2 protein chains.
Amino acid sequence: MPSTYYSQYPKFHVAVDCIIFGFKKGQLKVLLQKRPFEPRQGEWSLMGGFVKRDEDIDSAAQRVLYQLTGLKTIYMKQVGAFGSVNRDSGDRVISIAFFALVDIDRVNEELNHENSAYWEDMEKLPPLLFDHKEMIEGALKKLRGMINRHPVGFELLPPLFTLTQLQLLYETILGEKIDKRNFRKRVGELSFIEKTDAIDKQSSKRGAALYRFNGTVYQKEPVFKL
Amino acid sequence: MPSTYYSQYPKFHVAVDCIIFGFKKGQLKVLLQKRPFEPRQGEWSLMGGFVKRDEDIDSAAQRVLYQLTGLKTIYMKQVGAFGSVNRDSGDRVISIAFFALVDIDRVNEELNHENSAYWEDMEKLPPLLFDHKEMIEGALKKLRGMINRHPVGFELLPPLFTLTQLQLLYETILGEKIDKRNFRKRVGELSFIEKTDAIDKQSSKRGAALYRFNGTVYQKEPVFKL
DNA sequence: TCAAAAGTGTTAAGTTTACACCCATGA
DNA sequence: TCATGGGTGTAAACTTAACACTTTTGA
């Protein structure tokens, strides 16, 4: 009788909450939602959802991400479980936070609209539901800790990007200025960041070379240092 | 009706599993238990327990640690949530893994014995229950990632320790040799690692100076680099 | 023609690594 | 007296940080 021993113990609602990061115009942004149900309907919150009976927790997070962005292959990483007794005023809910990195231009705006979700600058977050602020802080900390050793920053950029964009992304996430020449020297040493012959004319009159992250080349010798 | 909306969603058993690290004779060890209940009773596993209805998840982990070691103020850190649908063959259980660092000499051996728990070298772990191997790997990775930036290694040593012990600890956790003179030079720069006038005569005829980690001094300028 | 962003190398400072011998003691 | 682990400094290699001017072009 396998379940006999377990069944004397309580069960809990288990949810996932997603910190969806995007990057635009030198700003790191998070996708926030007006909570669509009670209690505390209408408050700013992360997008979340309850785990289903036959669903892995990562699948639950992917499902929530898909609902809100229309994107399937999203970079996603677990931040951790949040399980204080009174963290949720509705009932006891243990929530597992995940952060996701998306190219903000690929996100389906209609889905955002339908879900009352909006991009907010990390600089000016409104007061948030429950422990969602903590979750975002945990996610940012994790992102900061890995951005220099893992090639994840590209997930926040379009497939082709300029070195200025890339540098700005690093500066924003790390919260510090980086020397342009030193940064470009380091990028130049990475074979998997490839210069294309496309030119970006958006950001300057002169035009800037567009680069691309080549995952295949990276896989061959997965060593990253920026 | 706060709970009305939530209550349409399923509930799950939620457990904590503890990776308890100890260090002795140049070996990193984990405290493993013969599983005391079905299913798969008798298999090697981490010490775990179900979260109680009115208990934070960290409190649950502390409770489990206390049951097995008799220790109350243990360094503990969350590794993450493990929630694959079929990870537990008994029933669906979402488990949150924590790792703990203990001074192996302070652990209550009787409690270990009562719980059929034994210290196993990390080098020679037996096959383990469910995804417990993964949990240990996650814990070790996390520990490796923080040991050079946070003063946590001392948690695995007695209050007074020799520099050789400390170096051996670092070598074992990082899995690489460290140059003795360079290591001691770096230690010498840290004001919160204090030389005492006690001498250890256990490990050598000549005797080695015993050092102490001074948390108060560290708090004043919490910058760690080893 | 000029404002705005792109692009480009060198040097000094700091950090990390490699390396070998003498010391004190108990058996 | 000798085997064992404790304790100590220096120089070379490498890495990081600081720094300023020229180019291109659309408005």
# chains A, B, ... in the order shown; residues from 1 in each chain; ligands from 1
call {"tool": "residues_around", "arguments": {"residues": "Asp103 (chain B)", "least_positions_apart": "2", "cutoff": "6 Å", "atoms": "only C-alpha atoms (C1' of nucleotides)", "output": "list in words"}}
result
Asp105, Arg106, Leu156, Leu157 and Pro158 of chain B
call {"tool": "select_by_dssp", "arguments": {"residues": "region 38-88 of chain B", "states": "strand (DSSP E or B)", "output": "PDB file with C-alpha atoms, in the first residue's frame"}}
result
ATOM      1  CA  TRP B  44      19.838   4.702   0.929  1.00  0.00           C
ATOM      2  CA  SER B  45      18.308   8.138   0.904  1.00  0.00           C
ATOM      3  CA  MET B  47      16.945  12.468   5.426  1.00  0.00           C
ATOM      4  CA  GLY B  48      13.636  14.071   4.689  1.00  0.00           C
ATOM      5  CA  GLY B  49      10.201  14.747   5.993  1.00  0.00           C
ATOM      6  CA  PHE B  50       6.831  16.060   5.027  1.00  0.00           C
ATOM      7  CA  TYR B  75      23.965  26.624   8.464  1.00  0.00           C
ATOM      8  CA  MET B  76      21.381  25.766   5.860  1.00  0.00           C
ATOM      9  CA  LYS B  77      20.614  26.870   2.330  1.00  0.00           C
ATOM     10  CA  GLN B  78      17.938  25.966  -0.138  1.00  0.00           C
ATOM     11  CA  VAL B  79      19.062  24.042  -3.215  1.00  0.00           C
ATOM     12  CA  GLY B  80      15.739  24.119  -5.003  1.00  0.00           C
ATOM     13  CA  ALA B  81      12.446  22.390  -5.605  1.00  0.00           C
ATOM     14  CA  PHE B  82      12.262  18.992  -7.263  1.00  0.00           C
TER      15      PHE B  82
END
call {"tool": "atom_distance", "arguments": {"atom1": "CA of Gln8 (chain B)", "atom2": "CA of Pro39 (chain A)"}}
result
14.6 Å
call {"tool": "select_by_dssp", "arguments": {"residues": "region 2-225 of chain A", "states": "helix (DSSP H, G or I)", "output": "ChimeraX atom specification"}}
result
/A:2-6,57-69,104-106,109-114,122-124,132-147,153-156,163-174,180-188,215-220
call {"tool": "interface_residues", "arguments": {"of": "chain C", "to": "chain A", "cutoff": "10 Å", "atoms": "only C-alpha atoms (C1' of nucleotides)", "output": "list in words"}}
result
DA4, DA5, DA6, DG7, DT8 and DG9 of chain C
call {"tool": "decode", "arguments": {"residues": "region 126-173 of chain B", "atoms": "N, CA and C atoms", "output": "PDB file, in the first residue's frame"}}
result
ATOM      1  N   PRO B 126      26.558   5.336  -2.384  1.00  0.00           N
ATOM      2  CA  PRO B 126      25.828   4.184  -2.906  1.00  0.00           C
ATOM      3  C   PRO B 126      24.730   4.692  -3.853  1.00  0.00           C
ATOM      4  N   PRO B 127      24.085   3.790  -4.573  1.00  0.00           N
ATOM      5  CA  PRO B 127      22.906   4.198  -5.344  1.00  0.00           C
ATOM      6  C   PRO B 127      21.872   4.770  -4.389  1.00  0.00           C
ATOM      7  N   LEU B 128      21.210   5.809  -4.819  1.00  0.00           N
ATOM      8  CA  LEU B 128      20.290   6.501  -3.925  1.00  0.00           C
ATOM      9  C   LEU B 128      18.866   6.511  -4.457  1.00  0.00           C
ATOM     10  N   LEU B 129      17.964   6.682  -3.522  1.00  0.00           N
ATOM     11  CA  LEU B 129      16.532   6.759  -3.794  1.00  0.00           C
ATOM     12  C   LEU B 129      16.174   7.910  -4.734  1.00  0.00           C
ATOM     13  N   PHE B 130      15.183   7.647  -5.595  1.00  0.00           N
ATOM     14  CA  PHE B 130      14.573   8.716  -6.404  1.00  0.00           C
ATOM     15  C   PHE B 130      15.633   9.612  -7.044  1.00  0.00           C
ATOM     16  N   ASP B 131      15.440  10.933  -6.879  1.00  0.00           N
ATOM     17  CA  ASP B 131      16.365  11.898  -7.480  1.00  0.00           C
ATOM     18  C   ASP B 131      17.352  12.453  -6.441  1.00  0.00           C
ATOM     19  N   HIS B 132      17.612  11.675  -5.398  1.00  0.00           N
ATOM     20  CA  HIS B 132      18.456  12.194  -4.320  1.00  0.00           C
ATOM     21  C   HIS B 132      19.905  12.436  -4.766  1.00  0.00           C
ATOM     22  N   LYS B 133      20.362  11.663  -5.731  1.00  0.00           N
ATOM     23  CA  LYS B 133      21.694  11.903  -6.274  1.00  0.00           C
ATOM     24  C   LYS B 133      21.790  13.295  -6.900  1.00  0.00           C
ATOM     25  N   GLU B 134      20.793  13.611  -7.691  1.00  0.00           N
ATOM     26  CA  GLU B 134      20.700  14.934  -8.318  1.00  0.00           C
ATOM     27  C   GLU B 134      20.693  16.054  -7.278  1.00  0.00           C
ATOM     28  N   MET B 135      19.966  15.796  -6.207  1.00  0.00           N
ATOM     29  CA  MET B 135      19.890  16.805  -5.144  1.00  0.00           C
ATOM     30  C   MET B 135      21.279  17.039  -4.557  1.00  0.00           C
ATOM     31  N   ILE B 136      22.007  15.953  -4.324  1.00  0.00           N
ATOM     32  CA  ILE B 136      23.349  16.088  -3.764  1.00  0.00           C
ATOM     33  C   ILE B 136      24.250  16.828  -4.745  1.00  0.00           C
ATOM     34  N   GLU B 137      24.134  16.488  -6.016  1.00  0.00           N
ATOM     35  CA  GLU B 137      24.949  17.178  -7.018  1.00  0.00           C
ATOM     36  C   GLU B 137      24.634  18.678  -7.055  1.00  0.00           C
ATOM     37  N   GLY B 138      23.343  18.980  -6.977  1.00  0.00           N
ATOM     38  CA  GLY B 138      22.949  20.389  -6.950  1.00  0.00           C
ATOM     39  C   GLY B 138      23.518  21.104  -5.736  1.00  0.00           C
ATOM     40  N   ALA B 139      23.496  20.418  -4.610  1.00  0.00           N
ATOM     41  CA  ALA B 139      24.001  21.011  -3.366  1.00  0.00           C
ATOM     42  C   ALA B 139      25.500  21.256  -3.461  1.00  0.00           C
ATOM     43  N   LEU B 140      26.220  20.279  -3.973  1.00  0.00           N
ATOM     44  CA  LEU B 140      27.669  20.412  -4.072  1.00  0.00           C
ATOM     45  C   LEU B 140      28.039  21.541  -5.028  1.00  0.00           C
ATOM     46  N   LYS B 141      27.317  21.623  -6.105  1.00  0.00           N
ATOM     47  CA  LYS B 141      27.565  22.693  -7.079  1.00  0.00           C
ATOM     48  C   LYS B 141      27.373  24.058  -6.420  1.00  0.00           C
ATOM     49  N   LYS B 142      26.306  24.162  -5.665  1.00  0.00           N
ATOM     50  CA  LYS B 142      26.016  25.418  -4.981  1.00  0.00           C
ATOM     51  C   LYS B 142      27.102  25.743  -3.954  1.00  0.00           C
ATOM     52  N   LEU B 143      27.501  24.724  -3.210  1.00  0.00           N
ATOM     53  CA  LEU B 143      28.541  24.913  -2.206  1.00  0.00           C
ATOM     54  C   LEU B 143      29.845  25.351  -2.867  1.00  0.00           C
ATOM     55  N   ARG B 144      30.217  24.673  -3.943  1.00  0.00           N
ATOM     56  CA  ARG B 144      31.424  25.061  -4.681  1.00  0.00           C
ATOM     57  C   ARG B 144      31.365  26.495  -5.153  1.00  0.00           C
ATOM     58  N   GLY B 145      30.195  26.875  -5.622  1.00  0.00           N
ATOM     59  CA  GLY B 145      30.053  28.221  -6.162  1.00  0.00           C
ATOM     60  C   GLY B 145      30.162  29.305  -5.115  1.00  0.00           C
ATOM     61  N   MET B 146      29.941  28.965  -3.848  1.00  0.00           N
ATOM     62  CA  MET B 146      29.929  30.029  -2.845  1.00  0.00           C
ATOM     63  C   MET B 146      31.107  30.000  -1.880  1.00  0.00           C
ATOM     64  N   ILE B 147      31.832  28.891  -1.846  1.00  0.00           N
ATOM     65  CA  ILE B 147      32.852  28.727  -0.810  1.00  0.00           C
ATOM     66  C   ILE B 147      33.992  29.744  -0.904  1.00  0.00           C
ATOM     67  N   ASN B 148      34.235  30.250  -2.116  1.00  0.00           N
ATOM     68  CA  ASN B 148      35.298  31.244  -2.258  1.00  0.00           C
ATOM     69  C   ASN B 148      34.834  32.674  -2.001  1.00  0.00           C
ATOM     70  N   ARG B 149      33.539  32.880  -1.902  1.00  0.00           N
ATOM     71  CA  ARG B 149      33.024  34.232  -1.737  1.00  0.00           C
ATOM     72  C   ARG B 149      32.266  34.436  -0.436  1.00  0.00           C
ATOM     73  N   HIS B 150      31.961  33.340   0.235  1.00  0.00           N
ATOM     74  CA  HIS B 150      31.226  33.455   1.497  1.00  0.00           C
ATOM     75  C   HIS B 150      31.911  32.600   2.550  1.00  0.00           C
ATOM     76  N   PRO B 151      31.948  33.098   3.767  1.00  0.00           N
ATOM     77  CA  PRO B 151      32.662  32.389   4.827  1.00  0.00           C
ATOM     78  C   PRO B 151      31.847  31.234   5.380  1.00  0.00           C
ATOM     79  N   VAL B 152      31.608  30.215   4.574  1.00  0.00           N
ATOM     80  CA  VAL B 152      30.779  29.106   5.013  1.00  0.00           C
ATOM     81  C   VAL B 152      31.589  27.854   5.310  1.00  0.00           C
ATOM     82  N   GLY B 153      32.796  27.800   4.813  1.00  0.00           N
ATOM     83  CA  GLY B 153      33.615  26.602   5.028  1.00  0.00           C
ATOM     84  C   GLY B 153      33.812  26.300   6.496  1.00  0.00           C
ATOM     85  N   PHE B 154      33.901  27.357   7.308  1.00  0.00           N
ATOM     86  CA  PHE B 154      34.148  27.198   8.739  1.00  0.00           C
ATOM     87  C   PHE B 154      33.062  26.386   9.429  1.00  0.00           C
ATOM     88  N   GLU B 155      31.860  26.393   8.857  1.00  0.00           N
ATOM     89  CA  GLU B 155      30.755  25.632   9.431  1.00  0.00           C
ATOM     90  C   GLU B 155      31.064  24.140   9.478  1.00  0.00           C
ATOM     91  N   LEU B 156      31.971  23.719   8.615  1.00  0.00           N
ATOM     92  CA  LEU B 156      32.305  22.294   8.549  1.00  0.00           C
ATOM     93  C   LEU B 156      33.461  21.923   9.459  1.00  0.00           C
ATOM     94  N   LEU B 157      34.073  22.935  10.083  1.00  0.00           N
ATOM     95  CA  LEU B 157      35.239  22.684  10.923  1.00  0.00           C
ATOM     96  C   LEU B 157      34.899  22.941  12.381  1.00  0.00           C
ATOM     97  N   PRO B 158      35.705  22.404  13.283  1.00  0.00           N
ATOM     98  CA  PRO B 158      35.519  22.770  14.691  1.00  0.00           C
ATOM     99  C   PRO B 158      35.865  24.250  14.885  1.00  0.00           C
ATOM    100  N   PRO B 159      35.458  24.824  16.019  1.00  0.00           N
ATOM    101  CA  PRO B 159      35.694  26.252  16.274  1.00  0.00           C
ATOM    102  C   PRO B 159      37.161  26.637  16.105  1.00  0.00           C
ATOM    103  N   LEU B 160      38.062  25.762  16.512  1.00  0.00           N
ATOM    104  CA  LEU B 160      39.487  25.998  16.307  1.00  0.00           C
ATOM    105  C   LEU B 160      39.999  24.999  15.276  1.00  0.00           C
ATOM    106  N   PHE B 161      40.753  25.505  14.336  1.00  0.00           N
ATOM    107  CA  PHE B 161      41.214  24.638  13.246  1.00  0.00           C
ATOM    108  C   PHE B 161      42.602  25.090  12.808  1.00  0.00           C
ATOM    109  N   THR B 162      43.320  24.189  12.181  1.00  0.00           N
ATOM    110  CA  THR B 162      44.641  24.555  11.654  1.00  0.00           C
ATOM    111  C   THR B 162      44.491  24.988  10.197  1.00  0.00           C
ATOM    112  N   LEU B 163      45.492  25.684   9.719  1.00  0.00           N
ATOM    113  CA  LEU B 163      45.427  26.121   8.325  1.00  0.00           C
ATOM    114  C   LEU B 163      45.499  24.944   7.357  1.00  0.00           C
ATOM    115  N   THR B 164      46.175  23.894   7.777  1.00  0.00           N
ATOM    116  CA  THR B 164      46.214  22.701   6.925  1.00  0.00           C
ATOM    117  C   THR B 164      44.824  22.096   6.779  1.00  0.00           C
ATOM    118  N   GLN B 165      44.086  22.056   7.894  1.00  0.00           N
ATOM    119  CA  GLN B 165      42.708  21.559   7.823  1.00  0.00           C
ATOM    120  C   GLN B 165      41.868  22.401   6.877  1.00  0.00           C
ATOM    121  N   LEU B 166      42.003  23.718   7.036  1.00  0.00           N
ATOM    122  CA  LEU B 166      41.207  24.634   6.212  1.00  0.00           C
ATOM    123  C   LEU B 166      41.545  24.446   4.737  1.00  0.00           C
ATOM    124  N   GLN B 167      42.835  24.334   4.466  1.00  0.00           N
ATOM    125  CA  GLN B 167      43.241  24.155   3.074  1.00  0.00           C
ATOM    126  C   GLN B 167      42.711  22.843   2.508  1.00  0.00           C
ATOM    127  N   LEU B 168      42.800  21.802   3.302  1.00  0.00           N
ATOM    128  CA  LEU B 168      42.327  20.487   2.873  1.00  0.00           C
ATOM    129  C   LEU B 168      40.823  20.546   2.569  1.00  0.00           C
ATOM    130  N   LEU B 169      40.112  21.278   3.403  1.00  0.00           N
ATOM    131  CA  LEU B 169      38.675  21.448   3.188  1.00  0.00           C
ATOM    132  C   LEU B 169      38.408  22.089   1.828  1.00  0.00           C
ATOM    133  N   TYR B 170      39.145  23.160   1.540  1.00  0.00           N
ATOM    134  CA  TYR B 170      38.959  23.833   0.257  1.00  0.00           C
ATOM    135  C   TYR B 170      39.342  22.928  -0.905  1.00  0.00           C
ATOM    136  N   GLU B 171      40.435  22.226  -0.752  1.00  0.00           N
ATOM    137  CA  GLU B 171      40.855  21.327  -1.826  1.00  0.00           C
ATOM    138  C   GLU B 171      39.812  20.255  -2.088  1.00  0.00           C
ATOM    139  N   THR B 172      39.236  19.746  -1.018  1.00  0.00           N
ATOM    140  CA  THR B 172      38.269  18.662  -1.160  1.00  0.00           C
ATOM    141  C   THR B 172      36.992  19.158  -1.831  1.00  0.00           C
ATOM    142  N   ILE B 173      36.497  20.304  -1.377  1.00  0.00           N
ATOM    143  CA  ILE B 173      35.262  20.812  -1.945  1.00  0.00           C
ATOM    144  C   ILE B 173      35.450  21.228  -3.398  1.00  0.00           C
TER     145      ILE B 173
END
